[in-house]
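Here is the file run-v5.txt (compact mmCIF, C-alpha atoms).
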```txt
# COMPACT_ATOMS: atom_id res chain seq x y z
CA GLU A 8 0.00 0.00 0.00
CA ASN A 9 2.79 2.48 0.84
CA ARG A 10 5.03 1.71 -2.15
CA GLN A 11 5.52 4.50 -4.68
CA TRP A 12 5.02 3.64 -8.34
CA ASP A 13 6.57 5.48 -11.26
CA ASP A 14 3.77 4.48 -13.59
CA PRO A 15 0.39 4.31 -11.80
CA SER A 16 -1.92 1.54 -12.91
CA VAL A 17 -5.40 0.36 -11.95
CA LEU A 18 -5.70 -1.84 -8.87
CA LYS A 19 -9.46 -2.29 -9.04
CA GLU A 20 -12.66 -0.78 -10.34
CA LEU A 21 -14.89 0.96 -7.78
CA THR A 22 -18.10 -0.75 -8.87
CA GLU A 23 -20.25 1.00 -6.27
CA LYS A 24 -19.64 4.34 -8.05
CA ILE A 25 -20.56 3.32 -11.62
CA ASP A 26 -23.37 5.20 -13.37
CA GLU A 27 -24.53 5.48 -16.99
CA THR A 28 -21.81 7.97 -17.99
CA SER A 29 -18.82 7.16 -15.75
CA ARG A 30 -16.52 4.52 -14.28
CA HIS A 31 -14.11 4.96 -11.37
CA TYR A 32 -10.87 3.16 -10.54
CA LYS A 33 -8.47 2.92 -7.59
CA LEU A 34 -4.83 3.25 -8.71
CA ASN A 35 -1.76 1.62 -7.18
CA ASN A 36 -0.36 5.01 -6.05
CA GLY A 37 -3.30 5.68 -3.70
CA THR A 38 -5.21 7.99 -6.06
CA ALA A 39 -8.40 7.42 -8.01
CA LYS A 40 -9.19 7.89 -11.68
CA SER A 41 -12.60 8.63 -13.23
CA VAL A 42 -13.51 8.12 -16.87
CA ILE A 43 -16.56 10.21 -17.79
CA SER A 44 -18.32 10.35 -21.14
CA ALA A 45 -20.85 12.85 -22.47
CA ALA A 46 -23.23 10.16 -23.73
CA PRO A 47 -24.43 7.11 -21.79
CA SER A 48 -22.08 4.15 -22.14
CA TYR A 49 -23.65 1.90 -19.48
CA TYR A 50 -27.13 0.79 -18.45
CA PHE A 51 -28.48 -0.79 -15.27
CA ASP A 52 -29.60 -4.37 -15.84
CA GLU A 53 -32.63 -4.87 -13.58
CA THR A 54 -32.47 -8.67 -13.70
CA GLU A 55 -28.81 -8.90 -12.65
CA GLN A 56 -28.91 -5.70 -10.54
CA LYS A 57 -25.65 -4.36 -11.97
CA TRP A 58 -24.29 -1.85 -14.48
CA LYS A 59 -23.33 -3.21 -17.90
CA ALA A 60 -21.76 -1.68 -20.99
CA ILE A 61 -24.18 -0.77 -23.78
CA ASP A 62 -23.62 -2.88 -26.89
CA ASN A 63 -25.63 -1.74 -29.91
CA SER A 64 -24.32 -4.45 -32.22
CA LEU A 65 -27.18 -5.71 -34.37
CA SER A 66 -27.94 -9.44 -34.54
CA GLU A 67 -30.17 -10.92 -37.21
CA THR A 68 -33.49 -12.45 -36.12
CA ALA A 69 -36.52 -13.64 -38.08
CA GLN A 70 -38.17 -10.20 -37.77
CA GLY A 71 -35.12 -8.06 -38.48
CA TYR A 72 -32.00 -6.88 -36.67
CA GLU A 73 -31.98 -6.54 -32.88
CA SER A 74 -29.62 -4.61 -30.60
CA THR A 75 -27.47 -6.82 -28.36
CA CYS A 76 -27.89 -5.17 -24.93
CA GLY A 77 -28.73 -1.78 -23.53
CA LYS A 78 -31.42 0.23 -21.79
CA TYR A 79 -33.69 -0.26 -24.81
CA LYS A 80 -34.18 -3.27 -27.04
CA THR A 81 -34.18 -1.90 -30.58
CA VAL A 82 -35.43 -3.90 -33.57
CA ILE A 83 -35.01 -2.70 -37.16
CA SER A 84 -37.29 -4.74 -39.40
CA LYS A 85 -36.30 -6.41 -42.63
CA PRO A 86 -37.55 -4.44 -45.66
CA GLU A 87 -39.77 -7.26 -46.95
CA GLN A 88 -41.77 -7.04 -43.70
CA ALA A 89 -41.84 -3.24 -43.22
CA LYS A 90 -39.48 -0.30 -43.01
CA SER A 91 -39.90 0.14 -39.26
CA VAL A 92 -38.07 0.57 -35.99
CA LYS A 93 -39.29 -0.55 -32.56
CA MET A 94 -37.74 0.36 -29.20
CA THR A 95 -38.95 -1.41 -26.04
CA THR A 96 -38.28 -1.59 -22.32
CA SER A 97 -40.16 -3.47 -19.62
CA GLU A 98 -42.30 -0.33 -19.16
CA PHE A 99 -43.07 0.98 -22.67
CA GLU A 100 -42.76 0.51 -26.41
CA ILE A 101 -42.42 3.02 -29.23
CA SER A 102 -42.33 2.21 -32.94
CA TRP A 103 -42.58 3.94 -36.27
CA THR A 104 -42.89 2.83 -39.88
CA TYR A 105 -41.92 4.56 -43.10
CA LEU A 106 -45.06 4.49 -45.25
CA GLY A 107 -43.56 6.08 -48.33
CA LYS A 108 -44.59 9.11 -50.30
CA GLN A 109 -48.34 9.69 -50.33
CA LEU A 110 -49.09 9.92 -54.06
CA THR A 111 -52.28 10.45 -56.00
CA SER A 112 -53.49 7.68 -58.33
CA GLU A 113 -52.27 9.66 -61.35
CA GLN A 114 -48.78 10.06 -59.85
CA LYS A 115 -48.59 6.32 -59.10
CA VAL A 116 -49.55 5.38 -62.68
CA SER A 117 -47.12 7.94 -64.08
CA MET A 118 -44.24 6.72 -61.89
CA PHE A 119 -44.98 3.07 -62.66
CA ALA A 120 -44.91 3.72 -66.42
CA ALA A 121 -41.83 5.95 -66.28
CA GLU A 122 -39.39 3.75 -64.40
CA GLU A 123 -38.86 0.38 -62.88
CA SER A 124 -38.91 0.18 -59.11
CA VAL A 125 -35.61 -0.73 -57.46
CA PRO A 126 -36.14 -3.14 -54.54
CA THR A 127 -35.31 -1.89 -51.06
CA SER A 128 -32.36 -3.56 -49.36
CA LEU A 129 -31.17 -3.28 -45.76
CA ASN A 130 -27.44 -2.96 -45.13
CA VAL A 131 -26.30 -3.40 -41.54
CA GLU A 132 -22.84 -2.65 -40.23
CA ALA A 133 -21.36 -2.50 -36.75
CA SER A 134 -18.66 -0.06 -35.83
CA ILE A 135 -16.64 0.63 -32.73
CA GLN A 136 -16.46 4.35 -32.07
CA GLY A 137 -13.59 4.27 -29.59
CA ALA A 138 -12.17 2.41 -26.65
CA LEU A 139 -14.26 4.34 -24.13
CA GLN A 140 -17.42 4.50 -26.23
CA SER A 141 -20.06 1.84 -26.44
CA LYS A 142 -20.37 -0.10 -29.64
CA GLY A 143 -22.66 1.42 -32.22
CA SER A 144 -24.33 0.11 -35.33
CA GLN A 145 -25.89 1.45 -38.46
CA ALA A 146 -28.67 0.10 -40.67
CA VAL A 147 -29.55 1.66 -44.03
CA TYR A 148 -32.68 1.00 -46.07
CA GLN A 149 -31.23 1.58 -49.52
CA ASN A 150 -33.85 2.68 -52.04
CA ALA A 151 -36.49 3.07 -49.34
CA ASP A 152 -38.30 5.22 -51.89
CA ASN A 153 -37.37 6.85 -55.20
CA ASP A 154 -34.07 8.68 -54.65
CA ILE A 155 -34.23 8.17 -50.85
CA ASP A 156 -32.25 6.04 -48.40
CA ILE A 157 -33.17 5.90 -44.71
CA GLU A 158 -30.34 5.40 -42.23
CA TYR A 159 -30.67 4.45 -38.56
CA SER A 160 -27.63 4.85 -36.29
CA LEU A 161 -27.59 3.32 -32.81
CA SER A 162 -25.26 4.91 -30.28
CA GLY A 163 -25.58 4.84 -26.51
CA ASN A 164 -29.30 4.93 -25.67
CA ASN A 165 -30.16 6.74 -28.90
CA VAL A 166 -31.42 5.94 -32.37
CA LYS A 167 -30.80 8.64 -34.96
CA GLU A 168 -32.71 8.66 -38.25
CA ASN A 169 -31.22 10.26 -41.36
CA ILE A 170 -33.21 10.63 -44.56
CA ILE A 171 -30.69 10.67 -47.39
CA VAL A 172 -31.93 12.41 -50.53
CA LYS A 173 -29.92 11.22 -53.54
CA GLU A 174 -31.18 13.69 -56.14
CA LYS A 175 -32.51 17.22 -55.98
CA ALA A 176 -36.30 17.46 -56.21
CA GLU A 177 -38.75 20.30 -56.75
CA GLU A 178 -40.33 19.64 -53.35
CA TYR A 179 -39.53 17.42 -50.38
CA ARG A 180 -42.78 16.07 -48.99
CA LEU A 181 -43.48 12.57 -47.94
```
Entire entry expressed as structure tokens:
Amino acid sequence: ENRQWDDPSVLKELTEKIDETSRHYKLNNGTAKSVISAAPSYYFDETEQKWKAIDNSLSETAQGYESTCGKYKTVISKPEQAKSVKMTTSEFEISWTYLGKQLTSEQKVSMFAAEESVPTSLNVEASIQGALQSKGSQAVYQNADNDIDIEYSLSGNNVKENIIVKEKAEEYRL
């Protein structure tokens, strides 16, 4: 305990001080070190009664792609079922579905005659944003609509939606 160290290193983690944005460590030189992030990196697992790192890696299921572990269970559906996202906890559920552009009958006939429809595909990729950040993932509905991709990025406890317009249009209404 009283030895001096030239290069302090971690003796143990102070698990009683963990919260969703920080971790704390006792060093071998008698000091403590805190690692604090701006966004949540941890969630409290009610079943195990302990803090765990958020992992937003997406795993394929029959319905779509599901987040690995975190405060919310997020499911991004496969495009042949729907273009939707669902977030659930033990207490609530929220979901939304992209319905596409609301066109008149004339516009539908005109579009159908003018061009062939490109099928929607879902590309999923996991990425690690840094050693102290939780894992994040990204899912993109390519060709969700004519000249539109829809991207969902999972990071921390958040899902961010980006609507990617590929070509300039006279008006942007869905």
Of A:Tyr105, A:Tyr49, A:Phe99, A:Tyr179, the one nearest to Ser84 in chain A when counting all atoms listed in the file is A:Tyr105
Which residues are close to Tyr79 in chain A, i.e. within 7 Å by all atoms listed in the file, leaving aside same-chain residues fewer than 6 positions away? Reply as a VMD selection string.
chain A and resid 94 to 96 164
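With all atoms listed in the file as the basis for measurement, A:Gly163 is the residue among A:Gly163, A:Glu98, A:Glu67, A:Ile170 that approaches Glu27 in chain A most closely.
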*Shell around Ser74 in chain A at 8 Å using only C-alpha atoms, local window under 2 positions removed, as a list of chain:residue names*: A:Asp62, A:Asn63, A:Ser64, A:Leu65, A:Ser66, A:Tyr72, A:Cys76, A:Gly77, A:Lys80, A:Thr81, A:Val82
Tell me, as a ChimeraX atom specification, which residues lie within 12 Å of Ile25 in chain A, counting all atoms listed in the file; anything in the same chain fewer than 2 positions away does not count. /A:20-23,27-32,41-43,47-51,57-60
Asn36 in chain A proximity check over A:Asp14, A:Thr104, A:Ile61, A:Glu55, using all atoms listed in the file: winner is A:Asp14
Restricting to all atoms listed in the file, whichever of A:Gln88, A:Asn153, A:Thr54, A:Asn169 is closest to Gln70 in chain A is A:Gln88
query = Hey, can you check how far CA of Ser144 in chain A sits from CA of Val131 in chain A?
reply =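 Between CA of Ser144 in chain A and CA of Val131 in chain A the gap works out to 7.4 Å.
Taking CA of Lys78 in chain A and CA of Ser128 in chain A as the two end points, the separation is 27.8 Å.
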Next item on the list: Considering only C-alpha atoms, state which residue in the set A:Thr75, A:Asn130, A:Ser160, A:Thr38 is at the smallest distance from Val92 in chain A.
Entry: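 Between A:Thr75, A:Asn130, A:Ser160, A:Thr38, the residue approaching Val92 in chain A most closely is A:Ser160.
Between CA of Val172 in chain A and CA of Ser91 in chain A the interatomic distance comes to 18.5 Å.
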Find the axis-aligned box for range 80-84 of chain A, covering all its listed atoms and adding 6 Å on each side, and write its centre and edge lengths in Å to one decimal as AutoDock Vina command-line options.
```
--center_x -35.7 --center_y -3.3 --center_z -33.2 --size_x 15.1 --size_y 14.8 --size_z 24.4
```
For Ala46 in chain A, the nearest of the candidates A:Glu100, A:Ser162, A:Ile157, A:Leu34, counting only C-alpha atoms: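 Among A:Glu100, A:Ser162, A:Ile157, A:Leu34, it is A:Ser162 that comes nearest to Ala46 in chain A.
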| said: Is it possible to get the residues within 7 Å of (-27.5, -2.6, -41.5) (coordinates as in the file, counting all atoms listed in the file) written as a list in words? | reply: Leu129, Asn130, Val131, Glu132, Gln145, Ala146 and Val147 of chain A
Keeping C-alpha atoms for every residue in the selection just given, could you write it to a file as a tab-separated table (two decimals), in the coordinates of the input?
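In the end it all went to out.tsv:
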```
chain	number	residue	atom	x	y	z
A	129	LEU	CA	-31.17	-3.28	-45.76
A	130	ASN	CA	-27.44	-2.96	-45.13
A	131	VAL	CA	-26.30	-3.40	-41.54
A	132	GLU	CA	-22.84	-2.65	-40.23
A	145	GLN	CA	-25.89	1.45	-38.46
A	146	ALA	CA	-28.67	0.10	-40.67
A	147	VAL	CA	-29.55	1.66	-44.03
```
When you write range 64-89 of chain A out from the block above, keep N, CA, C and O atoms and present the result as a PDB file, in the first residue's frame, please.
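Listing of decode.pdb after writing:
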```
ATOM      1  N   SER A  64     -24.522  -3.566 -31.076  1.00  0.00           N
ATOM      2  CA  SER A  64     -24.321  -4.448 -32.224  1.00  0.00           C
ATOM      3  C   SER A  64     -25.666  -5.057 -32.604  1.00  0.00           C
ATOM      4  O   SER A  64     -26.461  -5.408 -31.734  1.00  0.00           O
ATOM      5  N   LEU A  65     -25.914  -5.169 -33.893  1.00  0.00           N
ATOM      6  CA  LEU A  65     -27.183  -5.705 -34.367  1.00  0.00           C
ATOM      7  C   LEU A  65     -27.026  -7.169 -34.756  1.00  0.00           C
ATOM      8  O   LEU A  65     -26.126  -7.526 -35.509  1.00  0.00           O
ATOM      9  N   SER A  66     -27.925  -8.007 -34.226  1.00  0.00           N
ATOM     10  CA  SER A  66     -27.939  -9.438 -34.535  1.00  0.00           C
ATOM     11  C   SER A  66     -29.187  -9.749 -35.349  1.00  0.00           C
ATOM     12  O   SER A  66     -30.279  -9.249 -35.039  1.00  0.00           O
ATOM     13  N   GLU A  67     -29.034 -10.593 -36.356  1.00  0.00           N
ATOM     14  CA  GLU A  67     -30.166 -10.923 -37.212  1.00  0.00           C
ATOM     15  C   GLU A  67     -31.127 -11.872 -36.507  1.00  0.00           C
ATOM     16  O   GLU A  67     -30.722 -12.843 -35.872  1.00  0.00           O
ATOM     17  N   THR A  68     -32.422 -11.580 -36.619  1.00  0.00           N
ATOM     18  CA  THR A  68     -33.493 -12.446 -36.123  1.00  0.00           C
ATOM     19  C   THR A  68     -34.472 -12.662 -37.274  1.00  0.00           C
ATOM     20  O   THR A  68     -34.291 -12.109 -38.359  1.00  0.00           O
ATOM     21  N   ALA A  69     -35.530 -13.405 -37.030  1.00  0.00           N
ATOM     22  CA  ALA A  69     -36.524 -13.644 -38.076  1.00  0.00           C
ATOM     23  C   ALA A  69     -37.241 -12.349 -38.477  1.00  0.00           C
ATOM     24  O   ALA A  69     -37.578 -12.152 -39.635  1.00  0.00           O
ATOM     25  N   GLN A  70     -37.457 -11.441 -37.501  1.00  0.00           N
ATOM     26  CA  GLN A  70     -38.174 -10.198 -37.772  1.00  0.00           C
ATOM     27  C   GLN A  70     -37.281  -9.112 -38.365  1.00  0.00           C
ATOM     28  O   GLN A  70     -37.754  -8.242 -39.067  1.00  0.00           O
ATOM     29  N   GLY A  71     -36.008  -9.115 -38.027  1.00  0.00           N
ATOM     30  CA  GLY A  71     -35.115  -8.059 -38.484  1.00  0.00           C
ATOM     31  C   GLY A  71     -33.771  -8.129 -37.793  1.00  0.00           C
ATOM     32  O   GLY A  71     -33.215  -9.203 -37.616  1.00  0.00           O
ATOM     33  N   TYR A  72     -33.280  -6.968 -37.360  1.00  0.00           N
ATOM     34  CA  TYR A  72     -31.999  -6.884 -36.666  1.00  0.00           C
ATOM     35  C   TYR A  72     -32.245  -6.259 -35.300  1.00  0.00           C
ATOM     36  O   TYR A  72     -32.900  -5.234 -35.183  1.00  0.00           O
ATOM     37  N   GLU A  73     -31.706  -6.908 -34.261  1.00  0.00           N
ATOM     38  CA  GLU A  73     -31.982  -6.542 -32.878  1.00  0.00           C
ATOM     39  C   GLU A  73     -30.699  -6.120 -32.170  1.00  0.00           C
ATOM     40  O   GLU A  73     -29.657  -6.754 -32.352  1.00  0.00           O
ATOM     41  N   SER A  74     -30.787  -5.055 -31.359  1.00  0.00           N
ATOM     42  CA  SER A  74     -29.615  -4.610 -30.597  1.00  0.00           C
ATOM     43  C   SER A  74     -29.253  -5.663 -29.551  1.00  0.00           C
ATOM     44  O   SER A  74     -30.118  -6.370 -29.030  1.00  0.00           O
ATOM     45  N   THR A  75     -27.962  -5.767 -29.242  1.00  0.00           N
ATOM     46  CA  THR A  75     -27.466  -6.815 -28.355  1.00  0.00           C
ATOM     47  C   THR A  75     -27.875  -6.581 -26.908  1.00  0.00           C
ATOM     48  O   THR A  75     -28.524  -7.414 -26.305  1.00  0.00           O
ATOM     49  N   CYS A  76     -27.480  -5.462 -26.305  1.00  0.00           N
ATOM     50  CA  CYS A  76     -27.889  -5.173 -24.931  1.00  0.00           C
ATOM     51  C   CYS A  76     -27.759  -3.689 -24.643  1.00  0.00           C
ATOM     52  O   CYS A  76     -26.845  -3.028 -25.115  1.00  0.00           O
ATOM     53  N   GLY A  77     -28.697  -3.186 -23.889  1.00  0.00           N
ATOM     54  CA  GLY A  77     -28.734  -1.778 -23.532  1.00  0.00           C
ATOM     55  C   GLY A  77     -30.013  -1.461 -22.796  1.00  0.00           C
ATOM     56  O   GLY A  77     -30.816  -2.352 -22.498  1.00  0.00           O
ATOM     57  N   LYS A  78     -30.219  -0.199 -22.504  1.00  0.00           N
ATOM     58  CA  LYS A  78     -31.417   0.233 -21.787  1.00  0.00           C
ATOM     59  C   LYS A  78     -32.669  -0.096 -22.592  1.00  0.00           C
ATOM     60  O   LYS A  78     -33.706  -0.434 -22.048  1.00  0.00           O
ATOM     61  N   TYR A  79     -32.574   0.016 -23.921  1.00  0.00           N
ATOM     62  CA  TYR A  79     -33.687  -0.263 -24.810  1.00  0.00           C
ATOM     63  C   TYR A  79     -33.347  -1.425 -25.723  1.00  0.00           C
ATOM     64  O   TYR A  79     -32.214  -1.556 -26.165  1.00  0.00           O
ATOM     65  N   LYS A  80     -34.333  -2.243 -26.013  1.00  0.00           N
ATOM     66  CA  LYS A  80     -34.180  -3.273 -27.040  1.00  0.00           C
ATOM     67  C   LYS A  80     -34.684  -2.631 -28.326  1.00  0.00           C
ATOM     68  O   LYS A  80     -35.827  -2.191 -28.397  1.00  0.00           O
ATOM     69  N   THR A  81     -33.822  -2.530 -29.317  1.00  0.00           N
ATOM     70  CA  THR A  81     -34.177  -1.899 -30.583  1.00  0.00           C
ATOM     71  C   THR A  81     -34.215  -2.961 -31.675  1.00  0.00           C
ATOM     72  O   THR A  81     -33.290  -3.757 -31.796  1.00  0.00           O
ATOM     73  N   VAL A  82     -35.292  -2.969 -32.448  1.00  0.00           N
ATOM     74  CA  VAL A  82     -35.430  -3.902 -33.572  1.00  0.00           C
ATOM     75  C   VAL A  82     -35.680  -3.090 -34.831  1.00  0.00           C
ATOM     76  O   VAL A  82     -36.591  -2.266 -34.884  1.00  0.00           O
ATOM     77  N   ILE A  83     -34.839  -3.320 -35.842  1.00  0.00           N
ATOM     78  CA  ILE A  83     -35.006  -2.704 -37.157  1.00  0.00           C
ATOM     79  C   ILE A  83     -35.475  -3.823 -38.084  1.00  0.00           C
ATOM     80  O   ILE A  83     -34.776  -4.815 -38.265  1.00  0.00           O
ATOM     81  N   SER A  84     -36.679  -3.660 -38.629  1.00  0.00           N
ATOM     82  CA  SER A  84     -37.293  -4.743 -39.403  1.00  0.00           C
ATOM     83  C   SER A  84     -36.611  -4.936 -40.749  1.00  0.00           C
ATOM     84  O   SER A  84     -35.992  -4.027 -41.288  1.00  0.00           O
ATOM     85  N   LYS A  85     -36.778  -6.125 -41.277  1.00  0.00           N
ATOM     86  CA  LYS A  85     -36.302  -6.414 -42.627  1.00  0.00           C
ATOM     87  C   LYS A  85     -37.239  -5.728 -43.610  1.00  0.00           C
ATOM     88  O   LYS A  85     -38.442  -5.612 -43.361  1.00  0.00           O
ATOM     89  N   PRO A  86     -36.714  -5.237 -44.748  1.00  0.00           N
ATOM     90  CA  PRO A  86     -37.549  -4.441 -45.660  1.00  0.00           C
ATOM     91  C   PRO A  86     -38.730  -5.198 -46.252  1.00  0.00           C
ATOM     92  O   PRO A  86     -39.747  -4.587 -46.561  1.00  0.00           O
ATOM     93  N   GLU A  87     -38.641  -6.517 -46.388  1.00  0.00           N
ATOM     94  CA  GLU A  87     -39.774  -7.261 -46.945  1.00  0.00           C
ATOM     95  C   GLU A  87     -40.949  -7.331 -45.968  1.00  0.00           C
ATOM     96  O   GLU A  87     -42.074  -7.590 -46.365  1.00  0.00           O
ATOM     97  N   GLN A  88     -40.692  -7.062 -44.684  1.00  0.00           N
ATOM     98  CA  GLN A  88     -41.773  -7.043 -43.698  1.00  0.00           C
ATOM     99  C   GLN A  88     -42.336  -5.634 -43.535  1.00  0.00           C
ATOM    100  O   GLN A  88     -43.538  -5.436 -43.507  1.00  0.00           O
ATOM    101  N   ALA A  89     -41.463  -4.658 -43.357  1.00  0.00           N
ATOM    102  CA  ALA A  89     -41.838  -3.241 -43.224  1.00  0.00           C
ATOM    103  C   ALA A  89     -40.547  -2.460 -43.081  1.00  0.00           C
ATOM    104  O   ALA A  89     -39.497  -3.025 -42.807  1.00  0.00           O
TER     105      ALA A  89
END
```
